[in-house]
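Written below as structure tokens is the structure these notes are about.
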Amino acid sequence: MAAVDIPLIGGHEADSHGDPHANYLKAKRGIGSWMLTVDHKRIGLMYLTMVSLAFLVGGIFALLMRIELFTRGKTIVDAETYNRFFTLHGAVMVFLFIIPSVPAALGNFFLPIMIGAKDVAFPKLNLLSFYIYLVGVAIILTSIILGSVDTGWTFYTPYSVQTANSVISMTAGVFVLGFSSILTGLNFLVTVHTMRAPGITWTRLPLFVWGMYATALIQVLATPVLAITLLLLITERFLGIGIFDPKLGGDPVLFQHFFWFYSHPAVYIMIVPGMAINSELIATFSRRAIFGAFAVAMSSIGLAILGFLVWGHHLFVAGMSEFATMLFSALTFLVAIPSGVKIFNWTATIYKGSIVWASPMLYAMAFIFLFTIGGLTGLFLGTLSVDVHLTDTYFVVAHFHYVMMGGTVIAFLGGLLYWWPKMTGKMHDEKKAKIGFVLVFIGFNTVFIPQFIMGSRGMPRRYYDYLPQFEPFHKASTIGSWILAAGLFLTAYTLLEALWKGKTAPRNPWGSAGYEWATDTPPCVANFHTTPTIKRGPYDYHLATPEELATGWDEVESAHGTKPGASSSAKKA
Amino acid sequence: MNEPATFQLPEQMSTVASEVDWLYYFIYWLSVVLFVAIVGAMVYWAIKYRERPGHKAEPTGHNVPLELAWTVAPLFILAFLFHKGFEGYMDMSVAPANAMEIHVNAKQWGWEFVYPNGGSDNELHVPVHQPVKLIMSSTDVIHSLFVPALRIKRDIVPGVYTSQWFEATHIGSDDIACAEYCGGRSKDANGDELPFAQMTGHWSMHSMLHVVSEEDFKKYLIGIGDKCAAYTLKNQACPDSIVVGEGQKLYSKKACVGCHTVTGAKLVGPSWKGIWGKEESTDHGPVKVDEAYIRESILDPQAKVVSGFPPAMPPFRGQITDQEIDEIVAYIKSLKD
Amino acid sequence: MANVSESIETRGGEHGHGHDDHAHAHPDFLQHHFDTPAQQFDAAKLGMWVFIATEILMFGGLFCAYAIWRGLEPDIFDQAHHFLNKILGATNTVVLLFSSLTAALAVRAAQSGKRNLTSVYLVVTIVCACVFLAIKYFEYSHKFHLGLLPGHCFGHPGLSGAIQNGQEIGTCLRVHADATPVMPEWVKAVDESGHMQVLPPRANMFFGLYFVMTGLHGLHVIIGMSILVWVLVKNLRGQFSPQFFTPVDLGALYWHLVDLVWIYLFPLLYLVGKPE
Ligand code: HEA
Ligand code: HEA
Ligand code: CUA
Ligand SMILES: [Cu+2]
């Protein structure tokens with residue numbers, strides 16, 4: 001292949017992944033077979049490793065922050081270091097972890113399988129996006145070494161232009177990451193449009209795929225604007241063009257508009273995939289089609305569109321015209337509708353279902369619990385006069401942790417536990433998983449409930465030190481963070497343990513009617529042994545037969561004891 | 001410190017506070033109801049319809065009216081919230097004509113409040129039951145003046161004047177905080193970590209609001225008025241003792257204290273102890289610290305930057321009168337040896 | 001298993017097939033993960049359109065910045081734009097339009113299997129791209145020479161530093177924030193229409209935009225060129241046929257985008273007058 005590999009069209013490479021009927025993990029061996037793979041499943045796993053590490057790093061920064069805030073005055077680090085901690089925490093969690101987390105890891109792995117495709121439309125582009133991600137990570141690491149950044153993850157000017165920190169390399173890193181995100185989105189859009197197997201009509205598209213589709217739309221439409229914003233910021237800092245720098249006649253608030261024009265839609269890049277996972281979990285463990293599935297699918301698109309119209313709600317006190325303020329507040333409220341639709345429909349699905357209290361379902365219910373809190377507190381912030389009091393306080397901090405951590409991350413963990421058998425072929429230990437869940441749930445609320453209260457009482461965010469009246473809340477919050485951490489580490493351990501201790505997973509351990517369970521566990525390289533033609537919807541439990549729910553409907557042989565992967569030979573016989 | 005009015009919100013000290021709090025609690029209870037309904041139903045059903053032998057899930061049906069209901073009903077609630085919120089916001093935005101104007105200079109990392117009589121202070125004193133309009137400007141980065149008890153907050157953006165107003169409802173005090181991240185310093189010029197007490201930054205832009213009676217406020221204004229002003233009017237020389245005293249006041253009022261000590265210890269900037277008359281080595285060669293140089297250092301610090309220090313000092317041109325400079329000079333003079 | 005086979009019915013016979021008959025199903029330009037050439041083509045085409053959408057949004061951001069600034073400083077824009085050479089700008093516009101035409105013709109040729117003709121058109125297109133860049137180079141270097149540069153560098157010919165008591169210090173580039181910033185200076189120079197003009201430091205904004213916008217566009221010209229070169233190579237290798245010429249098609253599509261962006265940049269930068 002030519003060096004400039006714009007993967008409009010690759011060469012003829014049918015066997016680059018080895019035998020299409022073999023277990024994708026075993027088909028080829030050796031580092032090279034991973035580094036150069038174009039198999040969406042392997043790329044998904046590589047992403048998963050990276051984002052999990054990012055989550056770990058971001059989490060460690062968080063724990064350090066919490067320890068610093070445990071007592072008044074200096075606890076472990078000085079002020080400048082603290083400022084770097086919350087900046088890096090925010091930047092790592094948002095740009096390195098949560099934005100790629102679900103789409104690039106789980107989406108990459110399951111989206112093609114769920115539409116009966118052999119791979120994403122542009123496998124090489126997919127790999128490219130992974131390497132671009134790595135480059136972004138590398139740049140950000142160097143910037144951290146070069147003295148790191150203390151601007152807050154929002155890089156507000158003029159501070160970000162004046163501070164003596166390595167803002168350029170950090171923003172450059174985020175800039176690069178943006179492209180990785182764009183490429184993933186582009187790939188998904190095209191894949192969903194052109195790669196669906198016969199019979200997977202739009203109405204039969206799994207809700208997870210709908211979610212990924214909506215997310216991809218936002219990624220593709222919003223990220224370029226971030227790219228240009230950061231580009232301008234870099235030139236600003238390097239040459240002092242003065243777009244954003246009042247000293248040179250520029251307008252700092254303009255930067256905020258640019259930034260949030262991306263970053264608000266970005267919050268839906270974060271939550272929509274979480275909701276997408278949740279729809280799958282609720283359906284599977286209620287043994288029942290999602291109530292009003294069509295509305296749920298459409299609400300994802302709704303969020304994607306509305307998400308573009310509300311960025312101004314981050315600037316209510318930054319100096320916008322009364323008219324703009326009014327408009328943005330009004331639009332902000334509209335966003336509550338599609339989110340509400342999802343919440344209500346999920347709850348209605350549980351009604352008269354047959355609920356299996358498996359660990360993924362626990363996370364699914366926790367999602368409804370926590371996201372509703374996070375979302376409803378968003379309404380406080382959307383309400384103009386109330387936001388004036390709450391903005392830039394810990395109330396906001398608590399709000400977005402409830403939606404991001406309590407929403408997306410919880411769904412992500414649920415999804416991991418749910419799909420782990422399919423991805424690895426191994427069952428995890430449910431008992432540990434459930435203990436982990438309880439710790440996470442209790443810990444999380446202990447961290448952030450106090451933050452709501454101190455916020456509404458007037459504790460500003462990004463503070464290295466605080467007034468005595470806030471001490472008890474900070475203490476509670478910090479202790480909570482330890483419980484939370486314990487839970488997360490246990491969960492991580494549970495998943496890893498499954499790899500060597502876990503017993504071989506059956507083809508469809510949760511008895512789901514979803515398409516992805518219909519193929520081998522773990523899937524064969526080509527995902528299905530033959531391009532499937534689908535005759536029923538992904539949630540049609542009433543049409544699915546017990547055999548299907550036990551074995552999936554691709555091939556029956558493999559269900560009777562034959563090892564996954566061997567199935568193909570069994571077939572040829 | 002004030003006892004909060006309620007568990008969730010601080011004491012109410014402004015005319016708008018009660019309105020804001022009402023709306024806050026309205027949304028709060030609305031949320032509680034929705035939350036309990038949703039999560040309650042979820043948990044109850046999840047238990048009631050748990051998987052067990054003989055129990056089978058009912059195929060999902062359709063219920064268009066229901067779906068429409070919970071898509072449309074919220075619209076009304078939301079419209080109401082929006083309306084109330086906007087109403088309150090407008091009340092906060094438009095200041096009454098008779099409002100007393102107080103200028104606020106925000107800088108890294110301190111406040112200066114300049115009163116109608118030209119006197120200035122780093123704490124905010126206002127008379128009760130009198131609308132006050134804060135006209136705010138910043139010389140360096142964005143700050144945000146936040147007074148929890150007044151339920152007001154507004155960003156202060158360099159290059160433009162922003163403003164907000166309030167009317168205090170009763171006598172008392174409350175905290176003033178900076179609510180827009182504006183950096184921080186915890187290392188001295190040589191990169192050595194400072195003791196906590198000397199670290200400054202976003203979090204340390206704390207000040208106090210004092211709501212006082214009409215009379216007390218009058219007294220206060222006289223108090224902060226420049227003592228030398230009286231003499232200059234009668235064009236008499238102002239006694240040194242007073243001038244130095246004024247200089248010392250300015251040292252903290254103008255937030256020089258944030259970066260300069262008078263003890264000889266280095267902070268962000270050089271200490272003022274004993275610099276008078278001494279040869280400073282700057283990026284433009286050595287200079288003698290005299291009237292002219294100090295004036296320049298204050299109005300245009302970047303002109304000559306003392307070696308071994310960052311050009312971190314904000315220019316004070318336009319924010320400091322000649323008289324004030326003289327007073328600071330006198331004060332610095334008094335610090336030699 | 002009745003109901004099982006109801007739910008799934010395999011394409012191409014009861015039994016799954018090994019790769020051998022994979023090959024039959026697949027002409028060799030068809031990537032293994034596509035089922036039909038049509039599917040592969042649709043994917044590629046849609047992909048390129050989406051990509052172009054992102055590109056347009058990216059420039060969109062810049063156009064917003066442009067609009068806002070122009071609103072702030074109509075006079076400066078009017079004054080400064082006289083320093084852009086309309087002749088050269090127009091020439092470049094023509095060059096790009098022409099190259100767009102040849103790109104389109106290349107597609108036609110490929111479609112009708114005229115391999116050599118395709119190569120010829122591609123070469124012409126690439127040459128045009130080079131001409132464009134050459135002209136841009138001359139424009140840029142003239143600006144450097146006059147010191148019509150963005151930000152601090154405005155009024156500092158060739159990125160020179162500030163002159164302080166006689167000797168020059170550093171360059172105008174602010175490498176790290178705490179370096180004493182060099183300030184933009186006044187510029188007195190003869191503009192392209194022969195008038196002596198004096199530009200205030202603020203005019204750096206216009207040239208900031210000029211360099212960022214045309215710079216980013218120039219980058220796209222280079223990318224577009226590389227794509228076309230790659231397509232040319234494949235064409236010379238004879239990898240295209242009337243059944244399969246997607247790369248030619250999409251390469252041209254991308255090139256049209258590059259052209260389109262310039263069509264907007266030219267009037268906005270070279271022809272802006274003061275709004276009456
Ligand atoms: C996953 C990310 C995510 C999500 C999903 C959301 C969702 C929402 N957010 Fe949040 N938000 C952030 C991430 C997110 N946010 C972040 C990161 C910040 C801070 C950035 C920073 O400054 O660092 C922020 C800040 C932020 C602000 C600015 C605060 C400030 O700085 O002053 C505002 C203001 O309007 C806001 C509002 C909302 C609203 C209205 C929603 C809505 O989408 C919520 C909708 C959901 C519900 C309402 C609950 C379920 C609905 C029902 C139960 C239906 C019935 C309810 C009613 C009809 C009332 N958010
Ligand atoms: C996805 C986004 C995300 C997530 C998950 C978190 C998670 C956490 N965040 Fe934070 N946070 C932000 C995004 C996020 N945060 C942002 C954007 C800001 C604003 C920054 C700014 O102001 O600029 C912020 C700011 C912020 C603050 C305010 C700082 C300040 O204003 O001064 C605080 C304070 O308590 C805080 C705490 C925490 C804590 C305790 C967690 C905990 O939940 C962390 C728990 C995680 C761990 C302990 C790691 C364990 C992980 C593993 C073991 C890996 C295993 C992997 C798998 C299981 C897959 N965060
Ligand atoms: Cu000043 Cu924060
Ligand atoms: Cu938002």
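Residue names in the structure tokens use chain letters A, B, ... in the order shown, residue numbers from 1 in each chain, and ligand numbers from 1 in the order shown.
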
Within 8 Å of ligand 3, counting only C-alpha atoms and all ligand atoms, which protein or nucleic acid residues do you find, written as a count of residues only? 20

Just want the 8 Å neighbourhood of segment 151-154 of chain A, counted on only C-alpha atoms, with same-chain residues fewer than 3 positions away dropped. Output as JSON, numbers by chain. {"A": [83, 84, 86, 87, 88, 90, 91, 159, 160, 163, 259], "B": [181, 183]}

Where does chain B meet chain C within 12 Å, residue by residue, with the nearest atom pair and distance in Å to one decimal for each, counting only C-alpha atoms, listed by chain and rising number, as a tab-separated table?
residue	atom	partner	partner_atom	distance
B:Asp283	CA	C:Thr180	CA	10.4
B:His284	CA	C:Asn165	CA	9.2
B:Gly285	CA	C:Asn165	CA	11.5
B:Pro301	CA	C:Thr180	CA	11.4
B:Gln302	CA	C:Thr180	CA	7.9
B:Ala303	CA	C:Thr180	CA	9.9
B:Lys304	CA	C:Thr180	CA	10.7
B:Val305	CA	C:Thr180	CA	9.4
B:Phe309	CA	C:Asp178	CA	10.4
B:Pro310	CA	C:Asp178	CA	6.9
B:Pro311	CA	C:Asp178	CA	7.1
B:Ala312	CA	C:Asp178	CA	8.1
B:Met313	CA	C:Asp178	CA	11.5

Give as number ranges by chain every residue of chain B that touches chain A within 6 Å, counting only C-alpha atoms. B: 8-10, 20, 42, 45-46, 49-51, 56-58, 60, 82, 85-86, 88-89, 141, 148, 151-155, 159, 179, 185-186, 203

Could you list the protein, DNA and RNA residues that have any atom within 7 Å of ligand 2, counting only C-alpha atoms and all ligand atoms, and write them as a PyMOL selection string? chain A and resi 52-53+55-60+62-63+65-66+86-87+89-91+93-94+97-98+152-154+394+397+401+404-405+409+413+444+447+461-464+481+484-485+488-489+491-492

Write as a list in words the residues around ligand 4, taking 9 Å as the cut-off and counting only C-alpha atoms and all ligand atoms.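 Residues satisfying the distance criterion: Trp260, Ser263, His264, Pro265, Ala266, Val267, Tyr268, Gly307, Val310, Trp311, Gly312, His313, His314, Thr332 and Gly378 of chain A.
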
All strand (DSSP E) residues (DSSP, backbone) inside segment 5-248 of chain C, as a PyMOL selection string: chain C and resi 160-164+167-171+187-190+196-199

Convert the current residue selection to file output with N, CA and C atoms, as a PDB file, in the first residue's frame.
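Everything below was put into again37.pdb:
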ATOM      1  N   SER C 160      12.128  40.054  13.277  1.00  0.00           N
ATOM      2  CA  SER C 160      13.178  40.670  14.099  1.00  0.00           C
ATOM      3  C   SER C 160      12.588  41.030  15.463  1.00  0.00           C
ATOM      4  N   GLY C 161      13.455  41.259  16.414  1.00  0.00           N
ATOM      5  CA  GLY C 161      12.992  41.586  17.760  1.00  0.00           C
ATOM      6  C   GLY C 161      12.824  43.072  17.935  1.00  0.00           C
ATOM      7  N   ALA C 162      12.633  43.491  19.164  1.00  0.00           N
ATOM      8  CA  ALA C 162      12.474  44.917  19.446  1.00  0.00           C
ATOM      9  C   ALA C 162      13.850  45.583  19.462  1.00  0.00           C
ATOM     10  N   ILE C 163      13.878  46.856  19.041  1.00  0.00           N
ATOM     11  CA  ILE C 163      15.123  47.618  19.156  1.00  0.00           C
ATOM     12  C   ILE C 163      15.080  48.370  20.476  1.00  0.00           C
ATOM     13  N   GLN C 164      15.980  48.071  21.396  1.00  0.00           N
ATOM     14  CA  GLN C 164      16.018  48.852  22.628  1.00  0.00           C
ATOM     15  C   GLN C 164      17.413  49.407  22.809  1.00  0.00           C
ATOM     16  N   GLN C 167      20.493  48.357  20.401  1.00  0.00           N
ATOM     17  CA  GLN C 167      20.653  47.001  19.875  1.00  0.00           C
ATOM     18  C   GLN C 167      19.351  46.195  19.926  1.00  0.00           C
ATOM     19  N   GLU C 168      19.297  45.232  19.022  1.00  0.00           N
ATOM     20  CA  GLU C 168      18.076  44.436  18.881  1.00  0.00           C
ATOM     21  C   GLU C 168      18.057  43.320  19.923  1.00  0.00           C
ATOM     22  N   ILE C 169      16.892  43.088  20.498  1.00  0.00           N
ATOM     23  CA  ILE C 169      16.820  41.973  21.453  1.00  0.00           C
ATOM     24  C   ILE C 169      15.878  40.896  20.940  1.00  0.00           C
ATOM     25  N   GLY C 170      16.381  39.674  20.866  1.00  0.00           N
ATOM     26  CA  GLY C 170      15.585  38.479  20.569  1.00  0.00           C
ATOM     27  C   GLY C 170      14.794  38.586  19.276  1.00  0.00           C
ATOM     28  N   THR C 171      13.785  37.727  19.159  1.00  0.00           N
ATOM     29  CA  THR C 171      12.883  37.821  18.016  1.00  0.00           C
ATOM     30  C   THR C 171      11.503  38.154  18.562  1.00  0.00           C
ATOM     31  N   VAL C 187       3.459  50.409  11.085  1.00  0.00           N
ATOM     32  CA  VAL C 187       4.115  50.048   9.835  1.00  0.00           C
ATOM     33  C   VAL C 187       3.852  51.119   8.790  1.00  0.00           C
ATOM     34  N   LYS C 188       4.934  51.630   8.205  1.00  0.00           N
ATOM     35  CA  LYS C 188       4.790  52.637   7.139  1.00  0.00           C
ATOM     36  C   LYS C 188       5.325  51.994   5.868  1.00  0.00           C
ATOM     37  N   ALA C 189       4.449  51.764   4.894  1.00  0.00           N
ATOM     38  CA  ALA C 189       4.920  51.083   3.684  1.00  0.00           C
ATOM     39  C   ALA C 189       4.011  51.404   2.508  1.00  0.00           C
ATOM     40  N   VAL C 190       4.509  51.081   1.315  1.00  0.00           N
ATOM     41  CA  VAL C 190       3.741  51.315   0.094  1.00  0.00           C
ATOM     42  C   VAL C 190       2.857  50.103  -0.154  1.00  0.00           C
ATOM     43  N   MET C 196       1.436  55.224  -0.226  1.00  0.00           N
ATOM     44  CA  MET C 196       2.153  55.095   1.031  1.00  0.00           C
ATOM     45  C   MET C 196       1.115  55.029   2.144  1.00  0.00           C
ATOM     46  N   GLN C 197       1.178  54.015   2.965  1.00  0.00           N
ATOM     47  CA  GLN C 197       0.187  53.869   4.031  1.00  0.00           C
ATOM     48  C   GLN C 197       0.862  53.702   5.385  1.00  0.00           C
ATOM     49  N   VAL C 198       0.165  54.104   6.433  1.00  0.00           N
ATOM     50  CA  VAL C 198       0.665  53.882   7.791  1.00  0.00           C
ATOM     51  C   VAL C 198      -0.355  53.027   8.536  1.00  0.00           C
ATOM     52  N   LEU C 199       0.064  51.830   8.907  1.00  0.00           N
ATOM     53  CA  LEU C 199      -0.859  50.918   9.585  1.00  0.00           C
ATOM     54  C   LEU C 199      -0.608  50.936  11.091  1.00  0.00           C
TER      55      LEU C 199
END

For Gly225 of chain B, work out the shell of residues within 9 Å, counting only C-alpha atoms and skipping chain neighbours fewer than 6 positions away, then give it as a ChimeraX atom specification. /B:115,117-120

Between A:Asp39, A:Glu430, A:Asp119, A:Glu497, smallest distance to chain C by only C-alpha atoms belongs to A:Asp119

Would you please extract all alpha helix (DSSP H) residues from segment 145-365 of chain A, as assigned by DSSP on the backbone, and give them as a PyMOL selection string? chain A and resi 145+159-162+167-194+207-239+252-286+293-306+322-334+336-350+359-365

To one decimal place, how far is atom CA of Ala104 of chain A from atom CA of Leu207 of chain A in Å?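 According to the coordinates, atom CA of Ala104 of chain A and atom CA of Leu207 of chain A are separated by 16.8 Å.
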
Atom CA of Thr37 of chain A to atom CA of Leu496 of chain A: how many Å, to one decimal?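 So the two atoms, atom CA of Thr37 of chain A and atom CA of Leu496 of chain A, lie 22.8 Å apart.
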
Fewer than 4 positions away in the same chain doesn't count, so skip those; otherwise give me all residues within 9 Å of segment 49-61 of chain C, counting only C-alpha atoms, as an NGL selection string. (:A and (182-183 or 186 or 189-190 or 220-229 or 258)) or (:C and (44-45 or 65-66 or 213 or 216-217 or 250 or 253-254 or 257 or 261))

Export C-alpha atoms of the chosen residues as a PDB file, in the first residue's frame?
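Result went into part.pdb, see below:
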ATOM      1  CA  ILE A 182     -13.439  12.776  14.410  1.00  0.00           C
ATOM      2  CA  LEU A 183     -12.137   9.714  12.565  1.00  0.00           C
ATOM      3  CA  LEU A 186     -16.772   9.353  10.690  1.00  0.00           C
ATOM      4  CA  LEU A 189     -21.507   7.060  10.591  1.00  0.00           C
ATOM      5  CA  VAL A 190     -20.454   5.379   7.376  1.00  0.00           C
ATOM      6  CA  VAL A 220     -18.041  14.911  13.497  1.00  0.00           C
ATOM      7  CA  LEU A 221     -19.850  18.234  13.683  1.00  0.00           C
ATOM      8  CA  ALA A 222     -18.469  19.721  16.912  1.00  0.00           C
ATOM      9  CA  THR A 223     -14.876  18.562  17.140  1.00  0.00           C
ATOM     10  CA  PRO A 224     -13.597  20.581  14.149  1.00  0.00           C
ATOM     11  CA  VAL A 225     -14.646  23.741  15.938  1.00  0.00           C
ATOM     12  CA  LEU A 226     -12.619  22.719  18.973  1.00  0.00           C
ATOM     13  CA  ALA A 227      -9.691  22.091  16.659  1.00  0.00           C
ATOM     14  CA  ILE A 228      -9.860  25.595  15.254  1.00  0.00           C
ATOM     15  CA  THR A 229     -10.384  27.125  18.703  1.00  0.00           C
ATOM     16  CA  PHE A 258     -15.728  29.002  20.906  1.00  0.00           C
TER      17      PHE A 258
ATOM     18  CA  ALA C  44     -16.027   5.497   0.499  1.00  0.00           C
ATOM     19  CA  LYS C  45     -18.185   8.228  -1.024  1.00  0.00           C
ATOM     20  CA  ALA C  65     -13.663  34.908  13.903  1.00  0.00           C
ATOM     21  CA  TYR C  66     -13.259  36.876  10.683  1.00  0.00           C
ATOM     22  CA  MET C 213      -6.720  31.297   7.094  1.00  0.00           C
ATOM     23  CA  LEU C 216      -4.556  26.450   6.906  1.00  0.00           C
ATOM     24  CA  HIS C 217      -5.830  26.499   3.341  1.00  0.00           C
ATOM     25  CA  LEU C 250     -12.815  11.039  -4.111  1.00  0.00           C
ATOM     26  CA  LEU C 253     -13.967  15.602  -4.604  1.00  0.00           C
ATOM     27  CA  TYR C 254     -11.471  16.629  -1.953  1.00  0.00           C
ATOM     28  CA  LEU C 257     -13.270  21.400  -1.422  1.00  0.00           C
ATOM     29  CA  VAL C 261     -12.552  27.286   0.438  1.00  0.00           C
TER      30      VAL C 261
END
